[in-house]
file work-v6.cif (mmCIF, C-alpha atoms and all ligand atoms)
data_structure
loop_
_atom_site.group_PDB
_atom_site.id
_atom_site.type_symbol
_atom_site.label_atom_id
_atom_site.label_comp_id
_atom_site.auth_asym_id
_atom_site.auth_seq_id
_atom_site.Cartn_x
_atom_site.Cartn_y
_atom_site.Cartn_z
ATOM 1 C CA MET A 1 139.580 -119.444 126.198
ATOM 2 C CA SER A 2 135.992 -119.706 125.161
ATOM 3 C CA PRO A 3 134.355 -116.592 123.803
ATOM 4 C CA ARG A 4 132.610 -114.250 126.096
ATOM 5 C CA VAL A 5 129.838 -112.303 124.481
ATOM 6 C CA ARG A 6 127.729 -109.803 126.325
ATOM 7 C CA LYS A 7 124.012 -109.728 126.060
ATOM 8 C CA ILE A 8 123.015 -106.755 124.004
ATOM 9 C CA ARG A 9 119.645 -105.302 124.782
ATOM 10 C CA LYS A 10 117.350 -104.067 122.151
ATOM 11 C CA VAL A 11 116.378 -100.513 122.890
ATOM 12 C CA PHE A 12 113.615 -99.949 120.429
ATOM 13 C CA ASN A 13 111.360 -102.309 118.584
ATOM 14 C CA PRO A 14 109.688 -100.989 115.487
ATOM 15 C CA PRO A 15 105.902 -101.222 115.506
ATOM 16 C CA PRO A 16 104.625 -104.235 113.534
ATOM 17 C CA VAL A 17 102.353 -102.026 111.407
ATOM 18 C CA LYS A 18 102.413 -98.474 110.066
ATOM 19 C CA GLY A 19 99.140 -97.567 111.684
ATOM 20 C CA PHE A 20 95.509 -98.441 112.374
ATOM 21 C CA LYS A 21 92.274 -97.822 110.506
ATOM 22 C CA PRO A 22 88.856 -97.736 112.088
ATOM 23 C CA TYR A 23 86.165 -99.874 110.514
ATOM 24 C CA GLY A 24 82.374 -99.804 110.592
ATOM 25 C CA SER A 25 79.520 -98.135 108.766
ATOM 26 C CA ASP A 26 80.462 -94.541 109.330
ATOM 27 C CA THR A 27 84.199 -94.643 108.604
ATOM 28 C CA ASP A 28 84.402 -93.992 104.871
ATOM 29 C CA GLY A 29 82.602 -90.697 104.815
ATOM 30 C CA ARG A 30 84.729 -89.232 107.570
ATOM 31 C CA LYS A 31 87.241 -86.669 106.545
ATOM 32 C CA THR A 32 89.157 -86.448 109.761
ATOM 33 C CA GLU A 33 92.909 -86.151 109.811
ATOM 34 C CA PRO A 34 94.724 -89.241 111.080
ATOM 35 C CA VAL A 35 96.271 -89.018 114.525
ATOM 36 C CA GLN A 36 100.051 -89.136 114.290
ATOM 37 C CA LEU A 37 101.961 -91.182 116.826
ATOM 38 C CA LEU A 38 105.712 -90.746 117.032
ATOM 39 C CA PHE A 39 107.795 -93.902 117.308
ATOM 40 C CA GLU A 40 108.877 -92.938 120.792
ATOM 41 C CA GLU A 41 105.251 -92.529 121.819
ATOM 42 C CA TYR A 42 104.417 -95.963 120.505
ATOM 43 C CA GLU A 43 107.452 -97.332 122.349
ATOM 44 C CA ALA A 44 106.456 -95.670 125.623
ATOM 45 C CA LEU A 45 102.976 -97.177 125.437
ATOM 46 C CA ARG A 46 104.348 -100.593 124.536
ATOM 47 C CA LEU A 47 106.845 -100.619 127.392
ATOM 48 C CA CYS A 48 104.327 -99.538 130.025
ATOM 49 C CA ASP A 49 101.063 -101.132 129.024
ATOM 50 C CA TYR A 50 102.196 -104.136 127.023
ATOM 51 C CA ASP A 51 105.463 -105.115 128.696
ATOM 52 C CA PHE A 52 104.395 -103.775 132.124
ATOM 53 C CA TYR A 53 107.512 -101.798 132.932
ATOM 54 C CA ASN A 54 107.015 -98.965 135.371
ATOM 55 C CA HIS A 55 107.814 -95.413 134.252
ATOM 56 C CA HIS A 56 111.225 -95.461 135.825
ATOM 57 C CA GLN A 57 112.251 -98.699 134.110
ATOM 58 C CA ALA A 58 110.786 -97.603 130.801
ATOM 59 C CA SER A 59 112.625 -94.262 130.901
ATOM 60 C CA VAL A 60 115.905 -96.106 131.519
ATOM 61 C CA ILE A 61 115.234 -98.492 128.645
ATOM 62 C CA MET A 62 114.461 -95.619 126.286
ATOM 63 C CA GLY A 63 117.401 -93.573 127.495
ATOM 64 C CA VAL A 64 115.330 -90.515 128.370
ATOM 65 C CA SER A 65 114.822 -88.683 131.671
ATOM 66 C CA ARG A 66 111.875 -89.577 133.830
ATOM 67 C CA PRO A 67 110.043 -86.244 133.214
ATOM 68 C CA THR A 68 110.583 -86.624 129.468
ATOM 69 C CA PHE A 69 109.206 -90.118 129.627
ATOM 70 C CA THR A 70 106.148 -88.959 131.567
ATOM 71 C CA ARG A 71 105.496 -86.324 128.912
ATOM 72 C CA ILE A 72 105.813 -88.810 126.040
ATOM 73 C CA TYR A 73 103.548 -91.271 127.835
ATOM 74 C CA ALA A 74 100.860 -88.680 128.603
ATOM 75 C CA SER A 75 100.916 -87.575 124.990
ATOM 76 C CA VAL A 76 100.451 -91.069 123.556
ATOM 77 C CA ARG A 77 97.605 -91.889 125.945
ATOM 78 C CA GLN A 78 95.836 -88.732 124.901
ATOM 79 C CA LYS A 79 96.353 -89.392 121.191
ATOM 80 C CA VAL A 80 95.155 -92.996 121.318
ATOM 81 C CA ALA A 81 92.087 -91.947 123.292
ATOM 82 C CA MET A 82 91.382 -89.223 120.750
ATOM 83 C CA ALA A 83 91.640 -91.684 117.847
ATOM 84 C CA PHE A 84 89.231 -94.063 119.579
ATOM 85 C CA ALA A 85 86.743 -91.413 120.641
ATOM 86 C CA GLU A 86 86.701 -89.626 117.296
ATOM 87 C CA GLY A 87 87.015 -92.718 115.062
ATOM 88 C CA ARG A 88 90.239 -91.438 113.504
ATOM 89 C CA GLN A 89 93.085 -93.356 111.899
ATOM 90 C CA ILE A 90 96.413 -93.713 113.679
ATOM 91 C CA VAL A 91 99.635 -93.271 111.743
ATOM 92 C CA ILE A 92 102.862 -94.252 113.472
ATOM 93 C CA GLU A 93 105.876 -92.403 112.144
ATOM 94 C CA GLY A 94 108.711 -90.053 112.873
ATOM 95 C CA GLY A 95 110.396 -89.012 116.035
ATOM 96 C CA LYS A 96 114.032 -89.015 117.011
ATOM 97 C CA VAL A 97 114.682 -92.689 117.428
ATOM 98 C CA TYR A 98 116.629 -95.504 115.919
ATOM 99 C CA PHE A 99 115.767 -99.164 116.133
ATOM 100 C CA ASP A 100 118.260 -101.510 117.605
ATOM 101 C CA SER A 101 118.711 -104.210 115.007
ATOM 102 C CA ASP A 102 118.856 -107.907 115.759
ATOM 103 C CA TRP A 103 121.988 -110.013 115.921
ATOM 104 C CA TYR A 104 122.682 -112.957 113.665
ATOM 105 C CA HIS A 105 125.181 -115.781 113.730
ATOM 106 C CA CYS A 106 126.846 -117.276 110.657
ATOM 107 C CA LYS A 107 127.095 -121.032 110.856
ATOM 108 C CA ASP A 108 129.831 -121.187 108.227
ATOM 109 C CA CYS A 109 132.420 -118.667 109.398
ATOM 110 C CA LYS A 110 131.089 -118.418 112.979
ATOM 111 C CA CYS A 111 130.936 -114.636 113.033
ATOM 112 C CA TYR A 112 128.167 -112.581 114.643
ATOM 113 C CA PHE A 113 126.657 -109.608 112.884
ATOM 114 C CA ASP A 114 123.759 -107.222 112.980
ATOM 115 C CA ASN A 115 121.594 -105.780 110.251
ATOM 116 C CA PRO A 116 121.104 -102.029 110.692
ATOM 117 C CA ARG A 117 119.373 -101.717 107.318
ATOM 118 C CA LYS A 118 115.949 -103.063 108.053
ATOM 119 C CA ASP A 119 114.991 -102.815 104.387
ATOM 120 C CA VAL A 120 117.367 -105.631 103.439
ATOM 121 C CA GLU A 121 115.177 -108.683 103.012
ATOM 122 C CA GLU A 122 117.595 -111.534 102.597
ATOM 123 C CA ILE A 123 120.149 -111.826 105.360
ATOM 124 C CA VAL A 124 123.536 -113.142 104.250
ATOM 125 C CA CYS A 125 126.787 -113.249 106.183
ATOM 126 C CA PRO A 126 128.643 -109.952 105.626
ATOM 127 C CA LEU A 127 132.001 -111.743 105.771
ATOM 128 C CA CYS A 128 131.697 -115.013 103.892
ATOM 129 C CA GLY A 129 128.413 -114.499 102.034
ATOM 130 C CA SER A 130 126.866 -117.647 103.489
ATOM 131 C CA LYS A 131 123.111 -117.903 103.784
ATOM 132 C CA GLN A 132 123.456 -120.265 106.740
ATOM 133 C CA VAL A 133 122.638 -117.575 109.252
ATOM 134 C CA ALA A 134 120.408 -117.683 112.298
ATOM 135 C CA ASN A 135 118.964 -115.140 114.640
ATOM 136 C CA TYR A 136 121.071 -114.851 117.730
ATOM 137 C CA GLU A 137 120.463 -113.607 121.252
ATOM 138 C CA ILE A 138 123.853 -112.520 122.451
ATOM 139 C CA GLU A 139 124.286 -113.701 125.997
ATOM 140 C CA ASP A 140 127.097 -114.174 128.389
ATOM 141 C CA GLU A 141 128.375 -117.617 127.634
ATOM 142 C CA MET A 142 131.102 -117.902 130.178
ATOM 143 C CA PRO A 143 130.521 -116.284 133.551
ATOM 144 C CA ASP A 144 133.793 -116.121 135.463
ATOM 145 C CA ALA A 145 134.059 -118.638 138.236
ATOM 146 C CA GLY A 146 135.013 -116.385 141.085
ATOM 147 C CA ASP A 147 134.567 -112.694 140.620
ATOM 148 C CA ASN A 148 130.950 -112.279 139.727
ATOM 149 C CA GLN A 149 128.503 -115.049 140.385
ATOM 150 C CA HIS A 150 124.888 -114.480 139.542
ATOM 151 C CA VAL A 151 125.349 -111.314 137.557
ATOM 152 C CA ASP A 152 122.206 -112.202 135.650
ATOM 153 C CA PHE A 153 118.866 -112.353 137.364
ATOM 154 C CA CYS A 154 115.382 -113.342 136.413
ATOM 155 C CA VAL A 155 113.295 -110.468 137.703
ATOM 156 C CA CYS A 156 109.605 -109.820 138.092
ATOM 157 C CA VAL A 157 108.778 -106.423 136.676
ATOM 158 C CA SER A 158 105.569 -106.129 138.629
ATOM 159 C CA CYS A 159 106.744 -106.871 142.179
ATOM 160 C CA GLY A 160 110.530 -106.783 141.932
ATOM 161 C CA TYR A 161 111.111 -110.431 142.901
ATOM 162 C CA LYS A 162 114.570 -111.574 141.818
ATOM 163 C CA LYS A 163 116.365 -114.858 141.519
ATOM 164 C CA PRO A 164 119.668 -115.862 139.907
ATOM 165 C CA HIS A 165 119.208 -116.719 136.265
ATOM 166 C CA GLN A 166 119.971 -120.287 135.205
ATOM 167 C CA PRO A 167 121.822 -120.295 131.891
ATOM 168 C CA GLY A 168 119.912 -122.017 129.157
ATOM 169 C CA LYS A 169 116.511 -121.587 130.796
ATOM 170 C CA PRO A 170 114.501 -118.777 129.223
ATOM 171 C CA CYS A 171 113.214 -116.452 131.948
ATOM 172 C CA SER A 172 109.976 -115.903 130.095
ATOM 173 C CA ASN A 173 109.021 -119.517 130.775
ATOM 174 C CA GLU A 174 109.147 -118.829 134.482
ATOM 175 C CA ILE A 175 106.480 -117.340 136.650
ATOM 176 C CA CYS A 176 106.959 -115.075 139.655
ATOM 177 C CA PRO A 177 106.214 -117.129 142.805
ATOM 178 C CA LYS A 178 104.808 -114.035 144.503
ATOM 179 C CA CYS A 179 102.493 -112.507 141.939
ATOM 180 C CA ASN A 180 102.408 -114.937 138.967
ATOM 181 C CA ALA A 181 103.701 -112.410 136.449
ATOM 182 C CA PRO A 182 106.203 -113.719 133.866
ATOM 183 C CA LEU A 183 109.858 -113.182 134.762
ATOM 184 C CA ARG A 184 112.350 -111.309 132.593
ATOM 185 C CA ARG A 185 116.082 -111.289 132.225
ATOM 186 C CA ASN A 186 117.944 -108.516 133.959
ATOM 187 C CA VAL A 187 121.634 -108.290 133.213
ATOM 188 C CA GLY A 188 123.658 -106.726 135.980
ATOM 189 C CA ARG A 189 126.248 -104.053 135.390
ATOM 190 C CA ARG A 190 129.521 -105.815 135.364
ATOM 191 C CA ARG A 191 132.976 -105.958 133.942
ATOM 192 C CA ARG A 192 132.958 -102.300 133.118
ATOM 193 C CA GLY A 193 136.636 -102.648 132.318
ATOM 194 C CA ARG A 194 135.797 -104.928 129.443
ATOM 195 C CA LEU A 195 133.296 -102.694 127.763
ATOM 196 C CA ASN A 196 135.911 -101.132 125.489
ATOM 197 C CA ASN A 197 134.127 -97.897 124.995
ATOM 198 C CA MET B 1 132.073 -100.414 99.947
ATOM 199 C CA LYS B 2 134.482 -99.608 102.747
ATOM 200 C CA VAL B 3 134.970 -101.957 105.669
ATOM 201 C CA ALA B 4 136.850 -100.987 108.841
ATOM 202 C CA ILE B 5 138.799 -103.820 110.459
ATOM 203 C CA THR B 6 140.359 -103.344 113.891
ATOM 204 C CA SER B 7 144.014 -104.294 113.820
ATOM 205 C CA THR B 8 146.734 -104.824 116.416
ATOM 206 C CA GLY B 9 149.411 -103.547 114.040
ATOM 207 C CA ASN B 10 149.944 -101.376 110.998
ATOM 208 C CA SER B 11 149.860 -104.072 108.341
ATOM 209 C CA ILE B 12 147.309 -106.537 107.033
ATOM 210 C CA GLU B 13 149.583 -109.289 108.382
ATOM 211 C CA SER B 14 148.644 -108.106 111.894
ATOM 212 C CA MET B 15 146.050 -109.855 114.013
ATOM 213 C CA LEU B 16 142.499 -108.590 114.263
ATOM 214 C CA ASP B 17 142.319 -106.417 117.398
ATOM 215 C CA GLU B 18 139.605 -107.807 119.628
ATOM 216 C CA ARG B 19 138.857 -104.388 121.093
ATOM 217 C CA PHE B 20 136.888 -101.888 119.057
ATOM 218 C CA GLY B 21 137.155 -98.508 120.798
ATOM 219 C CA ARG B 22 140.743 -98.945 121.920
ATOM 220 C CA CYS B 23 142.154 -100.940 119.049
ATOM 221 C CA SER B 24 145.628 -99.978 117.832
ATOM 222 C CA TYR B 25 144.805 -99.383 114.165
ATOM 223 C CA PHE B 26 141.898 -99.411 111.780
ATOM 224 C CA VAL B 27 142.477 -101.007 108.415
ATOM 225 C CA ILE B 28 139.980 -99.424 106.043
ATOM 226 C CA TYR B 29 139.468 -101.827 103.174
ATOM 227 C CA ASN B 30 137.748 -100.788 99.976
ATOM 228 C CA THR B 31 136.027 -103.838 98.486
ATOM 229 C CA GLU B 32 135.721 -102.257 95.024
ATOM 230 C CA SER B 33 139.223 -100.930 94.479
ATOM 231 C CA LYS B 34 140.736 -103.606 96.784
ATOM 232 C CA SER B 35 142.858 -100.917 98.377
ATOM 233 C CA THR B 36 143.651 -100.566 102.048
ATOM 234 C CA GLU B 37 144.273 -97.520 104.182
ATOM 235 C CA ILE B 38 145.805 -97.901 107.633
ATOM 236 C CA VAL B 39 144.614 -95.400 110.207
ATOM 237 C CA PRO B 40 146.221 -95.260 113.681
ATOM 238 C CA ASN B 41 143.570 -95.039 116.384
ATOM 239 C CA PRO B 42 143.969 -91.799 118.378
ATOM 240 C CA ASN B 43 141.565 -93.183 120.994
ATOM 241 C CA LYS B 44 143.812 -96.133 121.800
ATOM 242 C CA ASP B 45 144.630 -94.868 125.287
ATOM 243 C CA ALA B 46 141.563 -92.721 125.929
ATOM 244 C CA GLU B 47 140.126 -92.943 129.432
ATOM 245 C CA ASN B 48 136.530 -92.402 128.382
ATOM 246 C CA GLY B 49 134.494 -92.289 125.236
ATOM 247 C CA ALA B 50 136.912 -94.314 123.109
ATOM 248 C CA GLY B 51 134.053 -96.271 121.571
ATOM 249 C CA PRO B 52 131.923 -93.384 120.294
ATOM 250 C CA ALA B 53 135.042 -91.440 119.185
ATOM 251 C CA SER B 54 136.335 -94.447 117.265
ATOM 252 C CA LEU B 55 132.929 -94.907 115.677
ATOM 253 C CA GLN B 56 132.992 -91.284 114.503
ATOM 254 C CA LEU B 57 136.455 -91.830 113.077
ATOM 255 C CA VAL B 58 135.347 -94.907 111.171
ATOM 256 C CA ALA B 59 132.193 -93.131 109.966
ATOM 257 C CA SER B 60 134.292 -90.198 108.700
ATOM 258 C CA HIS B 61 136.121 -92.697 106.485
ATOM 259 C CA ASN B 62 132.709 -93.759 105.106
ATOM 260 C CA ALA B 63 133.004 -97.326 106.334
ATOM 261 C CA GLU B 64 129.706 -99.193 106.156
ATOM 262 C CA LYS B 65 130.846 -102.236 108.132
ATOM 263 C CA ILE B 66 133.139 -102.700 111.104
ATOM 264 C CA VAL B 67 134.828 -106.012 111.879
ATOM 265 C CA SER B 68 136.151 -106.410 115.425
ATOM 266 C CA GLY B 69 136.191 -108.831 118.331
ATOM 267 C CA GLU B 70 133.784 -106.995 120.587
ATOM 268 C CA PHE B 71 131.571 -103.918 120.680
ATOM 269 C CA GLY B 72 130.117 -102.138 123.687
ATOM 270 C CA THR B 73 126.392 -101.735 124.069
ATOM 271 C CA LYS B 74 126.594 -97.995 123.388
ATOM 272 C CA ILE B 75 128.290 -98.672 120.082
ATOM 273 C CA LYS B 76 125.493 -100.940 118.920
ATOM 274 C CA SER B 77 122.935 -98.155 119.270
ATOM 275 C CA LEU B 78 125.124 -95.486 117.686
ATOM 276 C CA ALA B 79 126.160 -97.736 114.814
ATOM 277 C CA ASP B 80 122.511 -98.586 114.196
ATOM 278 C CA SER B 81 121.659 -94.911 113.935
ATOM 279 C CA LEU B 82 124.527 -94.420 111.455
ATOM 280 C CA LYS B 83 123.478 -97.556 109.550
ATOM 281 C CA ILE B 84 126.911 -99.092 110.079
ATOM 282 C CA GLN B 85 126.911 -102.873 110.270
ATOM 283 C CA LEU B 86 128.823 -104.548 113.102
ATOM 284 C CA VAL B 87 130.546 -107.869 112.587
ATOM 285 C CA VAL B 88 131.967 -109.728 115.584
ATOM 286 C CA VAL B 89 134.714 -112.270 114.937
ATOM 287 C CA LYS B 90 135.605 -114.333 117.966
ATOM 288 C CA GLU B 91 138.283 -116.586 116.503
ATOM 289 C CA PRO B 92 141.836 -115.236 116.236
ATOM 290 C CA LYS B 93 142.354 -114.130 112.661
ATOM 291 C CA LYS B 94 144.765 -111.984 110.704
ATOM 292 C CA VAL B 95 143.432 -108.851 109.078
ATOM 293 C CA LYS B 96 144.293 -110.303 105.684
ATOM 294 C CA ASP B 97 142.150 -113.377 106.476
ATOM 295 C CA ILE B 98 139.187 -111.069 106.954
ATOM 296 C CA ILE B 99 139.990 -109.285 103.691
ATOM 297 C CA GLU B 100 140.188 -112.619 101.910
ATOM 298 C CA MET B 101 136.754 -113.572 103.213
ATOM 299 C CA LEU B 102 135.321 -110.254 102.044
ATOM 300 C CA ASN B 103 136.706 -110.878 98.558
ATOM 301 C CA LYS B 104 135.093 -114.256 98.127
HETATM 302 ZN ZN ZN A 201 129.956 -116.191 107.479
HETATM 303 ZN ZN ZN A 202 106.121 -110.643 141.069
HETATM 304 ZN ZN ZN A 203 116.192 -116.171 133.726
#
call {"tool": "encode", "arguments": {"input": "work-v6.cif", "output": "structure tokens"}}
result
Amino acid sequence: MSPRVRKIRKVFNPPPVKGFKPYGSDTDGRKTEPVQLLFEEYEALRLCDYDFYNHHQASVIMGVSRPTFTRIYASVRQKVAMAFAEGRQIVIEGGKVYFDSDWYHCKDCKCYFDNPRKDVEEIVCPLCGSKQVANYEIEDEMPDAGDNQHVDFCVCVSCGYKKPHQPGKPCSNEICPKCNAPLRRNVGRRRRGRLNN
Amino acid sequence: MKVAITSTGNSIESMLDERFGRCSYFVIYNTESKSTEIVPNPNKDAENGAGPASLQLVASHNAEKIVSGEFGTKIKSLADSLKIQLVVVKEPKKVKDIIEMLNK
């Protein structure tokens, strides 16, 4: 039987930088406190205004209630606006979050592994020590023939258009025929019995 | 470092258990002292929450890695927050094969 691996969604992505500094003639003399963004605030802004999820989708992705999400989102909008209007630095830190780490595949022993310690620079296989490792998107490799066709969909997050996903074709290369937004992968809930937890 | 390996039986001759939360035993292997401890999994037949409970069990034994055949999505997040590394082995292997690989 060929392996069946479920797609594992990343919940949080760490920000690419620790913060932002204003520049221009008047910035050095300023003695204003930096504005502090929590990781979850950064994430809320990214999901809504960069990835174009609606509040409901974003709250599900972050695993918080809709009212909580709305509060986080309002707070980050206000903070970013304040930093812009007052020429203040933004520091992104803290908050009660973890970052889902990426998955890797070892070409030598064929295992899959993740890397929860983001401070580890060189990635080696935790089993065999090989350096022949590659980033890996865990996806369903073997959909069952009968019981659940089309469990994966390419969906449009702006208008809700949906079509069955074709394995091997990245959704992000496809465009929504209704509104021209890029499509995304949406993995259906399935095989709950196999989730083992 | 301690590594938890899911096992179908109570010896290192047993096969790797492909389930994490409901595996039969955990073999806790200490890579420094090369010693093993075999821990029966009390969550083997649990209706719900076997995954998180098993993760707590493994964490209480100070394991920093878990080797199994499959992990649920909830486990990934929790293990990340505990800084426990997950290793998925898809080929049938004996627990002692895994230990051998760790020793290399
Ligand atoms: Zn390897
Ligand atoms: Zn659309
Ligand atoms: Zn697709």
call {"tool": "resolve_selection", "arguments": {"input": "work-v6.cif", "expression": "the PyMOL selection byres (((chain A and resi 88) around 10) and not hetatm)", "output": "list in words"}}
result
Phe20, Lys21, Pro22, Tyr23, Thr27, Arg30, Lys31, Thr32, Glu33, Pro34, Val35, Val80, Ala81, Met82, Ala83, Phe84, Ala85, Glu86, Gly87, Gln89, Ile90 and Val91 of chain A
call {"tool": "resolve_selection", "arguments": {"input": "work-v6.cif", "expression": "the PyMOL selection byres (((chain A and resi 180-183) around 10) and not hetatm)", "output": "PyMOL selection string"}}
result
chain A and resi 52+153-163+170-179+184-186
call {"tool": "resolve_selection", "arguments": {"input": "work-v6.cif", "expression": "the PyMOL selection byres ((chain B) within 7 of (chain A and not hetatm))", "output": "list in words"}}
result
Arg19, Phe20, Gly21, Arg22, Asn48, Gly49, Ala50, Gly51, Pro52, Gly72, Thr73, Ser77, Asp80, Ser81, Lys83, Ile84, Gln85, Leu86, Val87, Val88, Val89, Lys90, Met101, Leu102 and Lys104 of chain B
call {"tool": "atom_distance", "arguments": {"input": "work-v6.cif", "atom1": "atom CA of His55 of chain A", "atom2": "atom CA of Thr70 of chain A"}}
result
7.2 Å
call {"tool": "closest_residue", "arguments": {"input": "work-v6.cif", "among": "A:Asp108, A:Asp102, A:Asp51, A:Glu93", "to": "ligand ZN 201 (chain A)", "atoms": "only C-alpha atoms and all ligand atoms"}}
result
A:Asp108
call {"tool": "residues_around", "arguments": {"input": "work-v6.cif", "residues": "Lys44 of chain B", "least_positions_apart": "3", "cutoff": "6 Å", "atoms": "only C-alpha atoms", "output": "MDAnalysis selection string"}}
result
chainID B and resid 22:24 41
call {"tool": "atom_distance", "arguments": {"input": "work-v6.cif", "atom1": "atom CA of Ile5 of chain B", "atom2": "atom CA of Ala79 of chain B"}}
result
14.7 Å
call {"tool": "atom_distance", "arguments": {"input": "work-v6.cif", "atom1": "atom CA of Val67 of chain B", "atom2": "atom CA of Glu18 of chain B"}}
result
9.3 Å
call {"tool": "residues_near_point", "arguments": {"input": "work-v6.cif", "point": "(136.6, -104.6, 94.3)", "cutoff": "12 Å", "atoms": "only C-alpha atoms", "output": "number ranges by chain"}}
result
B: 1-3, 29-36, 99-100, 102-104
call {"tool": "residues_near_point", "arguments": {"input": "work-v6.cif", "point": "(143.0, -111.2, 115.0)", "cutoff": "8 Å", "atoms": "all atoms listed in the file", "output": "ChimeraX atom specification"}}
result
/B:7-8,14-18,69,91-95
call {"tool": "closest_residue", "arguments": {"input": "work-v6.cif", "among": "A:Leu47, A:Leu38, A:Gln166, A:Val17", "to": "Val60 of chain A", "atoms": "only C-alpha atoms"}}
result
A:Leu47
call {"tool": "decode", "arguments": {"input": "work-v6.cif", "residues": "segment 63-69 of chain B", "atoms": "all heavy atoms", "output": "PDB file, in the first residue's frame"}}
result
ATOM      1  N   ALA B  63      11.034  13.489  26.318  1.00  0.00           N
ATOM      2  CA  ALA B  63      11.448  13.160  24.955  1.00  0.00           C
ATOM      3  C   ALA B  63      11.468  14.434  24.117  1.00  0.00           C
ATOM      4  O   ALA B  63      10.592  15.287  24.243  1.00  0.00           O
ATOM      5  CB  ALA B  63      10.495  12.148  24.330  1.00  0.00           C
ATOM      6  N   GLU B  64      12.495  14.562  23.292  1.00  0.00           N
ATOM      7  CA  GLU B  64      12.599  15.740  22.422  1.00  0.00           C
ATOM      8  C   GLU B  64      12.247  15.434  20.980  1.00  0.00           C
ATOM      9  O   GLU B  64      12.130  16.333  20.157  1.00  0.00           O
ATOM     10  CB  GLU B  64      14.025  16.311  22.490  1.00  0.00           C
ATOM     11  CG  GLU B  64      14.339  16.926  23.842  1.00  0.00           C
ATOM     12  CD  GLU B  64      15.801  17.324  23.956  1.00  0.00           C
ATOM     13  OE1 GLU B  64      16.358  17.850  22.979  1.00  0.00           O
ATOM     14  OE2 GLU B  64      16.396  17.088  25.025  1.00  0.00           O
ATOM     15  N   LYS B  65      12.113  14.134  20.673  1.00  0.00           N
ATOM     16  CA  LYS B  65      11.706  13.712  19.332  1.00  0.00           C
ATOM     17  C   LYS B  65      10.697  12.597  19.486  1.00  0.00           C
ATOM     18  O   LYS B  65      10.796  11.811  20.429  1.00  0.00           O
ATOM     19  CB  LYS B  65      12.880  13.112  18.556  1.00  0.00           C
ATOM     20  CG  LYS B  65      13.939  14.054  18.101  1.00  0.00           C
ATOM     21  CD  LYS B  65      15.003  13.282  17.314  1.00  0.00           C
ATOM     22  CE  LYS B  65      16.197  14.184  17.066  1.00  0.00           C
ATOM     23  NZ  LYS B  65      17.278  13.500  16.377  1.00  0.00           N
ATOM     24  N   ILE B  66       9.781  12.502  18.534  1.00  0.00           N
ATOM     25  CA  ILE B  66       8.867  11.358  18.495  1.00  0.00           C
ATOM     26  C   ILE B  66       8.952  10.753  17.097  1.00  0.00           C
ATOM     27  O   ILE B  66       8.853  11.466  16.100  1.00  0.00           O
ATOM     28  CB  ILE B  66       7.413  11.764  18.763  1.00  0.00           C
ATOM     29  CG1 ILE B  66       7.295  12.560  20.065  1.00  0.00           C
ATOM     30  CG2 ILE B  66       6.519  10.529  18.820  1.00  0.00           C
ATOM     31  CD1 ILE B  66       5.915  13.168  20.280  1.00  0.00           C
ATOM     32  N   VAL B  67       9.124   9.441  17.037  1.00  0.00           N
ATOM     33  CA  VAL B  67       9.131   8.737  15.759  1.00  0.00           C
ATOM     34  C   VAL B  67       7.877   7.885  15.694  1.00  0.00           C
ATOM     35  O   VAL B  67       7.632   7.056  16.578  1.00  0.00           O
ATOM     36  CB  VAL B  67      10.385   7.844  15.608  1.00  0.00           C
ATOM     37  CG1 VAL B  67      10.403   7.202  14.218  1.00  0.00           C
ATOM     38  CG2 VAL B  67      11.652   8.642  15.842  1.00  0.00           C
ATOM     39  N   SER B  68       7.052   8.108  14.662  1.00  0.00           N
ATOM     40  CA  SER B  68       5.832   7.321  14.494  1.00  0.00           C
ATOM     41  C   SER B  68       5.484   7.283  13.011  1.00  0.00           C
ATOM     42  O   SER B  68       6.201   7.838  12.174  1.00  0.00           O
ATOM     43  CB  SER B  68       4.695   7.941  15.320  1.00  0.00           C
ATOM     44  OG  SER B  68       3.551   7.102  15.266  1.00  0.00           O
ATOM     45  N   GLY B  69       4.358   6.622  12.704  1.00  0.00           N
ATOM     46  CA  GLY B  69       3.966   6.521  11.303  1.00  0.00           C
ATOM     47  C   GLY B  69       3.061   7.645  10.855  1.00  0.00           C
ATOM     48  O   GLY B  69       2.941   7.933   9.663  1.00  0.00           O
TER      49      GLY B  69
END
